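The data block below is query35.tsv; it holds TSV, C-alpha atoms.
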chain	number	residue	atom	x	y	z
A	4	MET	CA	-8.22	5.08	-16.01
A	5	THR	CA	-9.40	2.49	-13.50
A	6	GLU	CA	-13.18	2.29	-13.91
A	7	GLY	CA	-14.78	-0.48	-15.90
A	8	VAL	CA	-13.19	-2.55	-18.61
A	9	GLU	CA	-10.90	-0.81	-21.06
A	10	ILE	CA	-10.87	-1.78	-24.72
A	11	GLU	CA	-7.31	-1.17	-25.80
A	12	ARG	CA	-4.79	-2.29	-28.35
A	13	LYS	CA	-1.06	-2.14	-27.81
A	14	PHE	CA	1.68	-2.06	-30.44
A	15	LEU	CA	5.43	-2.09	-30.46
A	16	VAL	CA	7.05	0.92	-32.11
A	17	GLU	CA	10.42	0.88	-33.79
A	18	ARG	CA	10.52	4.36	-35.23
A	19	PRO	CA	8.29	7.03	-33.70
A	20	PRO	CA	6.94	9.92	-35.82
A	21	ALA	CA	9.63	12.47	-36.69
A	22	ASP	CA	7.60	15.30	-35.12
A	23	LEU	CA	7.33	13.47	-31.77
A	24	ASP	CA	8.46	16.41	-29.67
A	25	ALA	CA	5.73	18.59	-31.15
A	26	HIS	CA	3.17	16.53	-29.23
A	27	PRO	CA	2.22	17.02	-25.59
A	28	SER	CA	3.90	14.60	-23.23
A	29	ARG	CA	4.13	13.72	-19.58
A	30	GLU	CA	6.59	11.75	-17.54
A	31	ILE	CA	5.23	8.60	-15.91
A	32	GLU	CA	7.02	6.87	-13.05
A	33	GLN	CA	5.41	3.74	-11.72
A	34	GLY	CA	6.84	1.34	-9.18
A	35	TYR	CA	5.60	-1.62	-7.17
A	36	LEU	CA	5.92	-1.41	-3.40
A	37	ALA	CA	4.68	-4.94	-2.89
A	38	ILE	CA	3.49	-7.82	-5.02
A	39	THR	CA	2.01	-10.82	-3.21
A	40	ASP	CA	-0.29	-13.66	-4.26
A	41	ASP	CA	-3.31	-11.60	-3.18
A	42	VAL	CA	-2.38	-7.97	-3.54
A	43	GLU	CA	-0.34	-5.45	-5.53
A	44	VAL	CA	0.55	-2.05	-4.14
A	45	ARG	CA	2.10	0.51	-6.44
A	46	VAL	CA	2.88	4.20	-6.59
A	47	ARG	CA	2.59	6.23	-9.74
A	48	ARG	CA	3.51	9.77	-10.68
A	49	TYR	CA	1.83	11.09	-13.78
A	50	GLY	CA	2.96	14.62	-14.57
A	51	ASP	CA	2.19	16.57	-11.36
A	52	HIS	CA	-0.11	13.97	-9.84
A	53	SER	CA	0.88	11.11	-7.56
A	54	PHE	CA	-1.15	8.08	-6.59
A	55	LEU	CA	-0.89	4.97	-4.47
A	56	THR	CA	-2.96	2.07	-5.79
A	57	VAL	CA	-3.90	-1.15	-4.03
A	58	LYS	CA	-5.27	-3.91	-6.25
A	59	SER	CA	-6.33	-7.44	-5.56
A	60	SER	CA	-4.41	-9.80	-7.79
A	61	GLY	CA	-6.85	-12.67	-7.33
A	62	ASN	CA	-9.26	-13.53	-10.10
A	63	GLU	CA	-12.60	-13.34	-8.31
A	64	SER	CA	-14.12	-10.10	-7.08
A	65	ARG	CA	-11.64	-7.46	-8.06
A	66	ILE	CA	-10.78	-4.70	-5.62
A	67	GLU	CA	-8.94	-1.57	-6.71
A	68	GLU	CA	-8.43	1.64	-4.76
A	69	GLU	CA	-6.45	4.54	-6.19
A	70	ILE	CA	-5.49	7.04	-3.52
A	71	LYS	CA	-4.14	10.47	-4.43
A	72	ILE	CA	-1.00	11.21	-2.44
A	73	GLU	CA	1.25	14.24	-2.09
A	74	GLY	CA	4.40	14.45	-4.18
A	75	ARG	CA	6.58	14.33	-1.06
A	76	ARG	CA	5.01	10.98	-0.15
A	77	PHE	CA	5.73	9.65	-3.62
A	78	ASP	CA	9.34	10.78	-3.20
A	79	ALA	CA	9.59	9.09	0.20
A	80	LEU	CA	8.15	5.79	-1.04
A	81	TRP	CA	9.91	5.62	-4.41
A	82	PRO	CA	13.13	4.05	-2.99
A	83	LEU	CA	11.01	1.06	-1.86
A	84	THR	CA	10.21	0.26	-5.51
A	85	ASP	CA	13.83	-0.34	-6.49
A	86	GLY	CA	14.02	-3.13	-9.07
A	87	ARG	CA	10.24	-3.01	-9.74
A	88	ARG	CA	9.83	0.14	-11.82
A	89	VAL	CA	8.52	1.39	-15.12
A	90	GLU	CA	9.73	4.85	-16.15
A	91	LYS	CA	8.59	6.37	-19.41
A	92	ARG	CA	7.53	9.51	-21.23
A	93	ARG	CA	4.03	9.35	-22.67
A	94	TYR	CA	3.24	11.33	-25.83
A	95	ALA	CA	-0.36	11.97	-26.92
A	96	ILE	CA	-0.56	11.74	-30.71
A	97	PRO	CA	-3.83	12.34	-32.54
A	98	ALA	CA	-5.02	9.64	-34.95
A	99	PRO	CA	-7.90	9.54	-37.46
A	100	GLY	CA	-11.41	9.11	-36.08
A	101	GLY	CA	-10.80	11.30	-33.03
A	102	LEU	CA	-8.54	8.65	-31.52
A	103	THR	CA	-5.40	9.31	-29.50
A	104	ILE	CA	-2.30	7.18	-29.73
A	105	GLU	CA	-0.42	7.15	-26.43
A	106	LEU	CA	3.19	6.51	-27.31
A	107	ASP	CA	5.37	5.44	-24.38
A	108	VAL	CA	9.14	5.91	-24.61
A	109	TYR	CA	10.71	3.95	-21.77
A	110	HIS	CA	13.81	4.95	-19.78
A	111	GLY	CA	15.98	3.35	-17.17
A	112	ARG	CA	16.21	-0.42	-17.25
A	113	LEU	CA	13.62	-0.52	-20.07
A	114	SER	CA	15.49	1.98	-22.24
A	115	GLY	CA	15.06	1.19	-25.95
A	116	LEU	CA	11.46	-0.01	-25.64
A	117	LEU	CA	8.66	1.99	-27.26
A	118	THR	CA	5.01	0.97	-27.12
A	119	ALA	CA	1.80	2.62	-28.29
A	120	GLU	CA	-1.67	2.17	-26.83
A	121	ILE	CA	-5.01	3.20	-28.26
A	122	GLU	CA	-8.23	3.09	-26.29
A	123	PHE	CA	-11.48	2.41	-28.16
A	124	GLU	CA	-15.15	3.01	-27.41
A	125	SER	CA	-16.20	-0.44	-28.62
A	126	LEU	CA	-14.79	-3.78	-29.61
A	127	ALA	CA	-15.96	-3.09	-33.19
A	128	ASP	CA	-13.85	0.09	-33.29
A	129	ALA	CA	-10.87	-1.82	-31.91
A	130	THR	CA	-10.99	-4.60	-34.48
A	131	SER	CA	-11.61	-2.26	-37.44
A	132	PHE	CA	-8.76	0.06	-36.44
A	133	ASP	CA	-6.29	0.51	-39.28
A	134	PRO	CA	-2.92	1.23	-37.61
A	135	PRO	CA	-0.71	3.92	-39.15
A	136	GLY	CA	2.47	2.62	-40.75
A	137	TRP	CA	4.74	3.58	-37.87
A	138	LEU	CA	3.03	1.15	-35.49
A	139	GLY	CA	4.78	-2.20	-35.34
A	140	PRO	CA	3.60	-5.64	-34.17
A	141	ASP	CA	0.36	-5.86	-32.18
A	142	VAL	CA	1.25	-7.03	-28.64
A	143	THR	CA	-2.17	-6.47	-27.07
A	144	ASP	CA	-2.31	-10.02	-25.73
A	145	ASP	CA	1.40	-10.52	-25.14
A	146	PRO	CA	1.95	-10.85	-21.37
A	147	ARG	CA	5.59	-9.82	-21.71
A	148	TYR	CA	4.52	-6.24	-22.30
A	149	LYS	CA	2.23	-5.87	-19.29
A	150	ASN	CA	3.36	-3.16	-16.89
A	151	LYS	CA	3.90	-5.50	-13.97
A	152	ARG	CA	5.93	-7.90	-16.06
A	153	LEU	CA	8.07	-5.11	-17.52
A	154	ALA	CA	8.59	-3.70	-14.01
A	155	THR	CA	9.67	-6.96	-12.45
A	156	GLN	CA	11.35	-8.81	-15.34
A	157	GLY	CA	12.62	-5.98	-17.52
A	158	LEU	CA	12.85	-6.05	-21.30
A	159	PRO	CA	11.58	-9.19	-23.04
A	160	ALA	CA	14.49	-11.29	-24.30
B	18	MET	CA	2.35	7.50	16.87
B	19	THR	CA	4.94	7.06	14.18
B	20	GLU	CA	7.55	9.78	14.78
B	21	GLY	CA	10.84	8.95	16.48
B	22	VAL	CA	11.53	6.06	18.79
B	23	GLU	CA	8.87	5.11	21.31
B	24	ILE	CA	9.82	3.99	24.80
B	25	GLU	CA	7.14	1.54	25.77
B	26	ARG	CA	6.52	-1.40	28.00
B	27	LYS	CA	3.95	-4.09	27.28
B	28	PHE	CA	2.31	-6.46	29.74
B	29	LEU	CA	-0.09	-9.34	29.57
B	30	VAL	CA	-3.32	-8.86	31.51
B	31	GLU	CA	-5.34	-11.68	32.97
B	32	ARG	CA	-7.97	-9.74	34.83
B	33	PRO	CA	-8.66	-6.15	33.80
B	34	PRO	CA	-9.85	-3.55	36.34
B	35	ALA	CA	-13.48	-4.07	37.37
B	36	ASP	CA	-14.42	-0.54	36.30
B	37	LEU	CA	-13.08	-1.06	32.77
B	38	ASP	CA	-16.19	0.20	31.01
B	39	ALA	CA	-15.98	3.49	32.90
B	40	HIS	CA	-12.87	4.38	30.88
B	41	PRO	CA	-12.88	5.87	27.40
B	42	SER	CA	-12.27	3.35	24.66
B	43	ARG	CA	-11.98	3.08	20.91
B	44	GLU	CA	-12.19	0.22	18.50
B	45	ILE	CA	-9.00	-0.54	16.55
B	46	GLU	CA	-9.00	-2.63	13.40
B	47	GLN	CA	-5.66	-3.23	11.77
B	48	GLY	CA	-4.91	-5.53	8.88
B	49	TYR	CA	-1.99	-6.21	6.59
B	50	LEU	CA	-2.57	-5.84	2.86
B	51	ALA	CA	0.89	-7.07	1.98
B	52	ILE	CA	3.98	-8.28	3.79
B	53	THR	CA	7.11	-8.84	1.70
B	54	ASP	CA	10.81	-9.03	2.52
B	55	ASP	CA	11.14	-5.29	1.90
B	56	VAL	CA	7.80	-3.72	2.66
B	57	GLU	CA	4.69	-3.93	4.82
B	58	VAL	CA	1.44	-2.26	3.82
B	59	ARG	CA	-1.37	-2.10	6.34
B	60	VAL	CA	-4.67	-0.37	6.91
B	61	ARG	CA	-5.85	0.74	10.30
B	62	ARG	CA	-9.08	2.18	11.64
B	63	TYR	CA	-8.81	3.91	14.98
B	64	GLY	CA	-12.17	5.20	16.15
B	65	ASP	CA	-13.36	7.42	13.27
B	66	HIS	CA	-9.99	7.70	11.56
B	67	SER	CA	-8.57	5.42	8.89
B	68	PHE	CA	-5.01	5.16	7.65
B	69	LEU	CA	-2.94	3.27	5.14
B	70	THR	CA	0.67	2.82	6.20
B	71	VAL	CA	3.63	1.72	4.11
B	72	LYS	CA	6.75	0.70	6.05
B	73	SER	CA	10.06	-0.65	4.96
B	74	SER	CA	10.75	-3.89	6.76
B	75	GLY	CA	14.49	-3.81	6.08
B	76	ASN	CA	16.86	-2.87	8.87
B	77	GLU	CA	18.75	0.03	7.33
B	78	SER	CA	17.23	3.41	6.62
B	79	ARG	CA	13.65	3.07	7.75
B	80	ILE	CA	10.86	4.48	5.63
B	81	GLU	CA	7.37	4.93	7.00
B	82	GLU	CA	4.48	6.83	5.45
B	83	GLU	CA	1.09	7.00	7.14
B	84	ILE	CA	-1.61	8.19	4.76
B	85	LYS	CA	-5.02	9.26	6.00
B	86	ILE	CA	-7.75	7.57	3.95
B	87	GLU	CA	-11.52	7.84	3.85
B	88	GLY	CA	-13.59	5.31	5.78
B	89	ARG	CA	-15.09	3.98	2.54
B	90	ARG	CA	-11.59	3.15	1.28
B	91	PHE	CA	-10.83	1.32	4.51
B	92	ASP	CA	-14.06	-0.65	4.03
B	93	ALA	CA	-13.14	-1.48	0.43
B	94	LEU	CA	-9.63	-2.64	1.32
B	95	TRP	CA	-10.44	-4.52	4.53
B	96	PRO	CA	-11.40	-7.79	2.72
B	97	LEU	CA	-7.84	-7.94	1.36
B	98	THR	CA	-6.49	-8.30	4.91
B	99	ASP	CA	-8.33	-11.56	5.59
B	100	GLY	CA	-6.17	-13.82	7.78
B	101	ARG	CA	-3.78	-10.97	8.68
B	102	ARG	CA	-5.78	-8.90	11.16
B	103	VAL	CA	-5.69	-7.52	14.66
B	104	GLU	CA	-9.03	-6.36	16.05
B	105	LYS	CA	-9.26	-4.95	19.53
B	106	ARG	CA	-10.86	-2.38	21.81
B	107	ARG	CA	-8.38	-0.01	23.42
B	108	TYR	CA	-9.18	1.46	26.84
B	109	ALA	CA	-7.28	4.45	28.19
B	110	ILE	CA	-6.74	3.99	31.94
B	111	PRO	CA	-4.96	6.64	34.00
B	112	ALA	CA	-1.99	5.50	36.09
B	113	PRO	CA	0.11	7.31	38.73
B	114	GLY	CA	2.62	9.89	37.51
B	115	GLY	CA	0.35	11.20	34.76
B	116	LEU	CA	0.81	8.00	32.76
B	117	THR	CA	-1.84	6.28	30.67
B	118	ILE	CA	-2.20	2.54	30.45
B	119	GLU	CA	-3.60	1.49	27.10
B	120	LEU	CA	-5.40	-1.76	27.68
B	121	ASP	CA	-6.17	-3.73	24.52
B	122	VAL	CA	-8.94	-6.33	24.60
B	123	TYR	CA	-8.66	-8.42	21.44
B	124	HIS	CA	-11.53	-9.89	19.43
B	125	GLY	CA	-11.89	-12.24	16.53
B	126	ARG	CA	-9.17	-14.82	16.11
B	127	LEU	CA	-7.23	-13.24	19.02
B	128	SER	CA	-10.19	-13.36	21.40
B	129	GLY	CA	-9.08	-14.02	24.98
B	130	LEU	CA	-5.88	-11.99	24.71
B	131	LEU	CA	-5.48	-8.80	26.74
B	132	THR	CA	-2.36	-6.64	26.68
B	133	ALA	CA	-1.48	-3.30	28.21
B	134	GLU	CA	1.02	-0.75	26.91
B	135	ILE	CA	2.48	2.24	28.63
B	136	GLU	CA	4.52	4.88	26.85
B	137	PHE	CA	7.25	6.70	28.77
B	138	GLU	CA	9.11	9.96	28.30
B	139	SER	CA	12.49	8.42	29.10
B	140	LEU	CA	14.19	5.08	29.59
B	141	ALA	CA	14.66	5.97	33.26
B	142	ASP	CA	10.90	6.38	33.67
B	143	ALA	CA	10.31	3.07	31.90
B	144	THR	CA	12.67	1.09	34.10
B	145	SER	CA	11.50	2.66	37.36
B	146	PHE	CA	7.82	2.09	36.53
B	147	ASP	CA	6.06	0.13	39.26
B	148	PRO	CA	3.24	-1.77	37.53
B	149	PRO	CA	-0.16	-1.94	39.27
B	150	GLY	CA	-1.09	-5.40	40.51
B	151	TRP	CA	-3.49	-6.15	37.65
B	152	LEU	CA	-0.69	-6.07	35.08
B	153	GLY	CA	0.72	-9.53	34.41
B	154	PRO	CA	4.04	-10.66	32.87
B	155	ASP	CA	6.16	-8.08	31.05
B	156	VAL	CA	6.26	-9.06	27.36
B	157	THR	CA	7.93	-5.90	26.05
B	158	ASP	CA	10.63	-7.88	24.28
B	159	ASP	CA	8.59	-10.96	23.43
B	160	PRO	CA	8.26	-11.13	19.63
B	161	ARG	CA	5.14	-13.28	19.88
B	162	TYR	CA	3.14	-10.26	21.02
B	163	LYS	CA	4.16	-7.90	18.22
B	164	ASN	CA	1.22	-6.73	16.12
B	165	LYS	CA	2.48	-8.27	12.90
B	166	ARG	CA	3.12	-11.62	14.53
B	167	LEU	CA	-0.30	-11.64	16.23
B	168	ALA	CA	-1.94	-10.69	12.92
B	169	THR	CA	-0.25	-13.40	10.88
B	170	GLN	CA	0.27	-16.22	13.40
B	171	GLY	CA	-2.57	-15.66	15.84
B	172	LEU	CA	-2.43	-16.35	19.57
B	173	PRO	CA	0.89	-17.61	20.96
B	174	ALA	CA	0.66	-21.32	21.81
Once you've parsed the file, please lay out its structure as structure tokens.
Amino acid sequence: MTEGVEIERKFLVERPPADLDAHPSREIEQGYLAITDDVEVRVRRYGDHSFLTVKSSGNESRIEEEIKIEGRRFDALWPLTDGRRVEKRRYAIPAPGGLTIELDVYHGRLSGLLTAEIEFESLADATSFDPPGWLGPDVTDDPRYKNKRLATQGLPA
Amino acid sequence: MTEGVEIERKFLVERPPADLDAHPSREIEQGYLAITDDVEVRVRRYGDHSFLTVKSSGNESRIEEEIKIEGRRFDALWPLTDGRRVEKRRYAIPAPGGLTIELDVYHGRLSGLLTAEIEFESLADATSFDPPGWLGPDVTDDPRYKNKRLATQGLPA
């Protein structure tokens, strides 16, 4: 999830597939402990796994370290992310061409938002991707839907 | 090092004992990744051990999690602490009454500073402690000699 450059597209979703609950899903809780000019520190629980990640926020040489932590540490640190959280359930939905659509249904302060992400092997695959009808507007390059922005600013107006 | 309340006294040192190098010592490198109103995140290498610590900086219910990390992670994160570091060699010097004086000889930006800390079992022991002649002024309550202040502001004027 953190190695190399990901080729992804992101869409808004207004109405998810009717059989949503038939697909495997995991709860994701992500919160920022600290955001400074230089550094971001966040904790993330993904199903049964918890991580603490430190990232440089500068533009030059990018540093990112993802450290696996115990669930009890996640629980202890979570209160420090108050007001800087993204909470969502992620569904894995198969799509043509062996692709997987990751549909995120947000809770908490972001309740009502649904987004879908698809990761591609190449830029050519990404541009030629023909989205199924239930995917809404492409927001791949819209900064308002970045995780950090959603966590700190909430739902786009 | 992080459980409960420590009873400590801290002194400035102008001239360390002549036999300093006869005492066991370890290098300590500590740097802040992020300092915000709510949270501090720092990395620390103490001899062969490395840690990442997240602390609430608020006054109410205090949260502190010290996470052991691999040396290679410390190395990767260290550049992100530039300008917010304390680097020192800590000598353990025995003192009467089974006490240990931890003498810190600072390097880098803090070069020239020497401090000594002694940890006590009780407040009574701390107040009745008779410092050896080589310990200078008591700076236990002087905020200028706190680690965070030294790391971010450098040597007191």
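Counting from atom CA of A:Glu68, the distance to atom CA of A:Ala95 is 25.7 Å.
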Against chain B, which residues of chain A fall within 12 Å? For each one I want the closest pair of atoms and the distance in Å (one decimal), counting only C-alpha atoms, rows by chain and increasing residue number, as JSON lines.
{"residue": "A:Tyr35", "atom": "CA", "partner": "B:Val56", "partner_atom": "CA", "distance": 10.3}
{"residue": "A:Leu36", "atom": "CA", "partner": "B:Val56", "partner_atom": "CA", "distance": 6.8}
{"residue": "A:Ala37", "atom": "CA", "partner": "B:Val56", "partner_atom": "CA", "distance": 6.5}
{"residue": "A:Ile38", "atom": "CA", "partner": "B:Ala51", "partner_atom": "CA", "distance": 7.5}
{"residue": "A:Thr39", "atom": "CA", "partner": "B:Ala51", "partner_atom": "CA", "distance": 6.5}
{"residue": "A:Asp40", "atom": "CA", "partner": "B:Ala51", "partner_atom": "CA", "distance": 9.2}
{"residue": "A:Asp41", "atom": "CA", "partner": "B:Leu97", "partner_atom": "CA", "distance": 7.4}
{"residue": "A:Val42", "atom": "CA", "partner": "B:Ala51", "partner_atom": "CA", "distance": 6.5}
{"residue": "A:Glu43", "atom": "CA", "partner": "B:Ala51", "partner_atom": "CA", "distance": 7.8}
{"residue": "A:Val44", "atom": "CA", "partner": "B:Ala51", "partner_atom": "CA", "distance": 7.9}
{"residue": "A:Arg45", "atom": "CA", "partner": "B:Val58", "partner_atom": "CA", "distance": 10.6}
{"residue": "A:Val46", "atom": "CA", "partner": "B:Val71", "partner_atom": "CA", "distance": 11.0}
{"residue": "A:Phe54", "atom": "CA", "partner": "B:Ile84", "partner_atom": "CA", "distance": 11.4}
{"residue": "A:Leu55", "atom": "CA", "partner": "B:Ile84", "partner_atom": "CA", "distance": 9.8}
{"residue": "A:Thr56", "atom": "CA", "partner": "B:Leu94", "partner_atom": "CA", "distance": 10.8}
{"residue": "A:Val57", "atom": "CA", "partner": "B:Leu94", "partner_atom": "CA", "distance": 8.0}
{"residue": "A:Lys58", "atom": "CA", "partner": "B:Leu94", "partner_atom": "CA", "distance": 8.8}
{"residue": "A:Ser59", "atom": "CA", "partner": "B:Leu97", "partner_atom": "CA", "distance": 7.1}
{"residue": "A:Ser60", "atom": "CA", "partner": "B:Leu97", "partner_atom": "CA", "distance": 9.9}
{"residue": "A:Gly61", "atom": "CA", "partner": "B:Leu97", "partner_atom": "CA", "distance": 9.9}
{"residue": "A:Ser64", "atom": "CA", "partner": "B:Pro96", "partner_atom": "CA", "distance": 10.4}
{"residue": "A:Arg65", "atom": "CA", "partner": "B:Leu97", "partner_atom": "CA", "distance": 10.2}
{"residue": "A:Ile66", "atom": "CA", "partner": "B:Ala93", "partner_atom": "CA", "distance": 7.2}
{"residue": "A:Glu67", "atom": "CA", "partner": "B:Leu94", "partner_atom": "CA", "distance": 8.1}
{"residue": "A:Glu68", "atom": "CA", "partner": "B:Arg90", "partner_atom": "CA", "distance": 7.0}
{"residue": "A:Glu69", "atom": "CA", "partner": "B:Arg90", "partner_atom": "CA", "distance": 9.2}
{"residue": "A:Ile70", "atom": "CA", "partner": "B:Ile86", "partner_atom": "CA", "distance": 7.8}
{"residue": "A:Lys71", "atom": "CA", "partner": "B:Ile86", "partner_atom": "CA", "distance": 9.6}
{"residue": "A:Ile72", "atom": "CA", "partner": "B:Ile84", "partner_atom": "CA", "distance": 7.8}
{"residue": "A:Glu73", "atom": "CA", "partner": "B:Ile84", "partner_atom": "CA", "distance": 9.6}
{"residue": "A:Arg75", "atom": "CA", "partner": "B:Glu82", "partner_atom": "CA", "distance": 10.2}
{"residue": "A:Arg76", "atom": "CA", "partner": "B:Glu82", "partner_atom": "CA", "distance": 7.0}
{"residue": "A:Phe77", "atom": "CA", "partner": "B:Glu82", "partner_atom": "CA", "distance": 9.6}
{"residue": "A:Asp78", "atom": "CA", "partner": "B:Glu82", "partner_atom": "CA", "distance": 10.7}
{"residue": "A:Ala79", "atom": "CA", "partner": "B:Ile80", "partner_atom": "CA", "distance": 7.2}
{"residue": "A:Leu80", "atom": "CA", "partner": "B:Ile80", "partner_atom": "CA", "distance": 7.3}
{"residue": "A:Trp81", "atom": "CA", "partner": "B:Ile80", "partner_atom": "CA", "distance": 10.1}
{"residue": "A:Pro82", "atom": "CA", "partner": "B:Ile80", "partner_atom": "CA", "distance": 8.9}
{"residue": "A:Leu83", "atom": "CA", "partner": "B:Ser73", "partner_atom": "CA", "distance": 7.1}
{"residue": "A:Thr84", "atom": "CA", "partner": "B:Asp55", "partner_atom": "CA", "distance": 9.3}
{"residue": "A:Asp85", "atom": "CA", "partner": "B:Asp55", "partner_atom": "CA", "distance": 10.1}
{"residue": "A:Gly86", "atom": "CA", "partner": "B:Asp55", "partner_atom": "CA", "distance": 11.5}
{"residue": "A:Arg87", "atom": "CA", "partner": "B:Asp55", "partner_atom": "CA", "distance": 11.9}
- Message: Please compute the atom CA of A:Asp51-atom CA of A:Glu9 distance, one decimal, in Å.
- Response: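 One can read the atom CA of A:Asp51 to atom CA of A:Glu9 distance as 23.8 Å.
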Skipping near chain neighbours, those fewer than 4 positions away, what residues fall within 10 Å of B:Pro34 using only C-alpha atoms, listed as a short mmCIF file (atom, residue, chain, number, x, y, z; two decimals) with C-alpha atoms, in the frame of the given file?
data_model
loop_
_atom_site.label_atom_id
_atom_site.label_comp_id
_atom_site.auth_asym_id
_atom_site.auth_seq_id
_atom_site.Cartn_x
_atom_site.Cartn_y
_atom_site.Cartn_z
CA VAL B 30 -3.32 -8.86 31.51
CA ASP B 38 -16.19 0.20 31.01
CA ALA B 39 -15.98 3.49 32.90
CA ILE B 110 -6.74 3.99 31.94
CA LEU B 120 -5.40 -1.76 27.68
CA GLY B 150 -1.09 -5.40 40.51
CA TRP B 151 -3.49 -6.15 37.65
CA LEU B 152 -0.69 -6.07 35.08
#
- Item | Selected residue of minimal separation from B:Lys165 among B:His40, B:Leu127, B:Gly48, B:Phe28, counting all atoms listed in the file |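 Answer, going by the shortest atom-to-atom distance: B:Gly48.
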- Item | Between atom CA of B:Arg161 and atom CA of B:Pro111, distance in Å (one decimal) |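 Between these atoms lies a distance of 26.4 Å.
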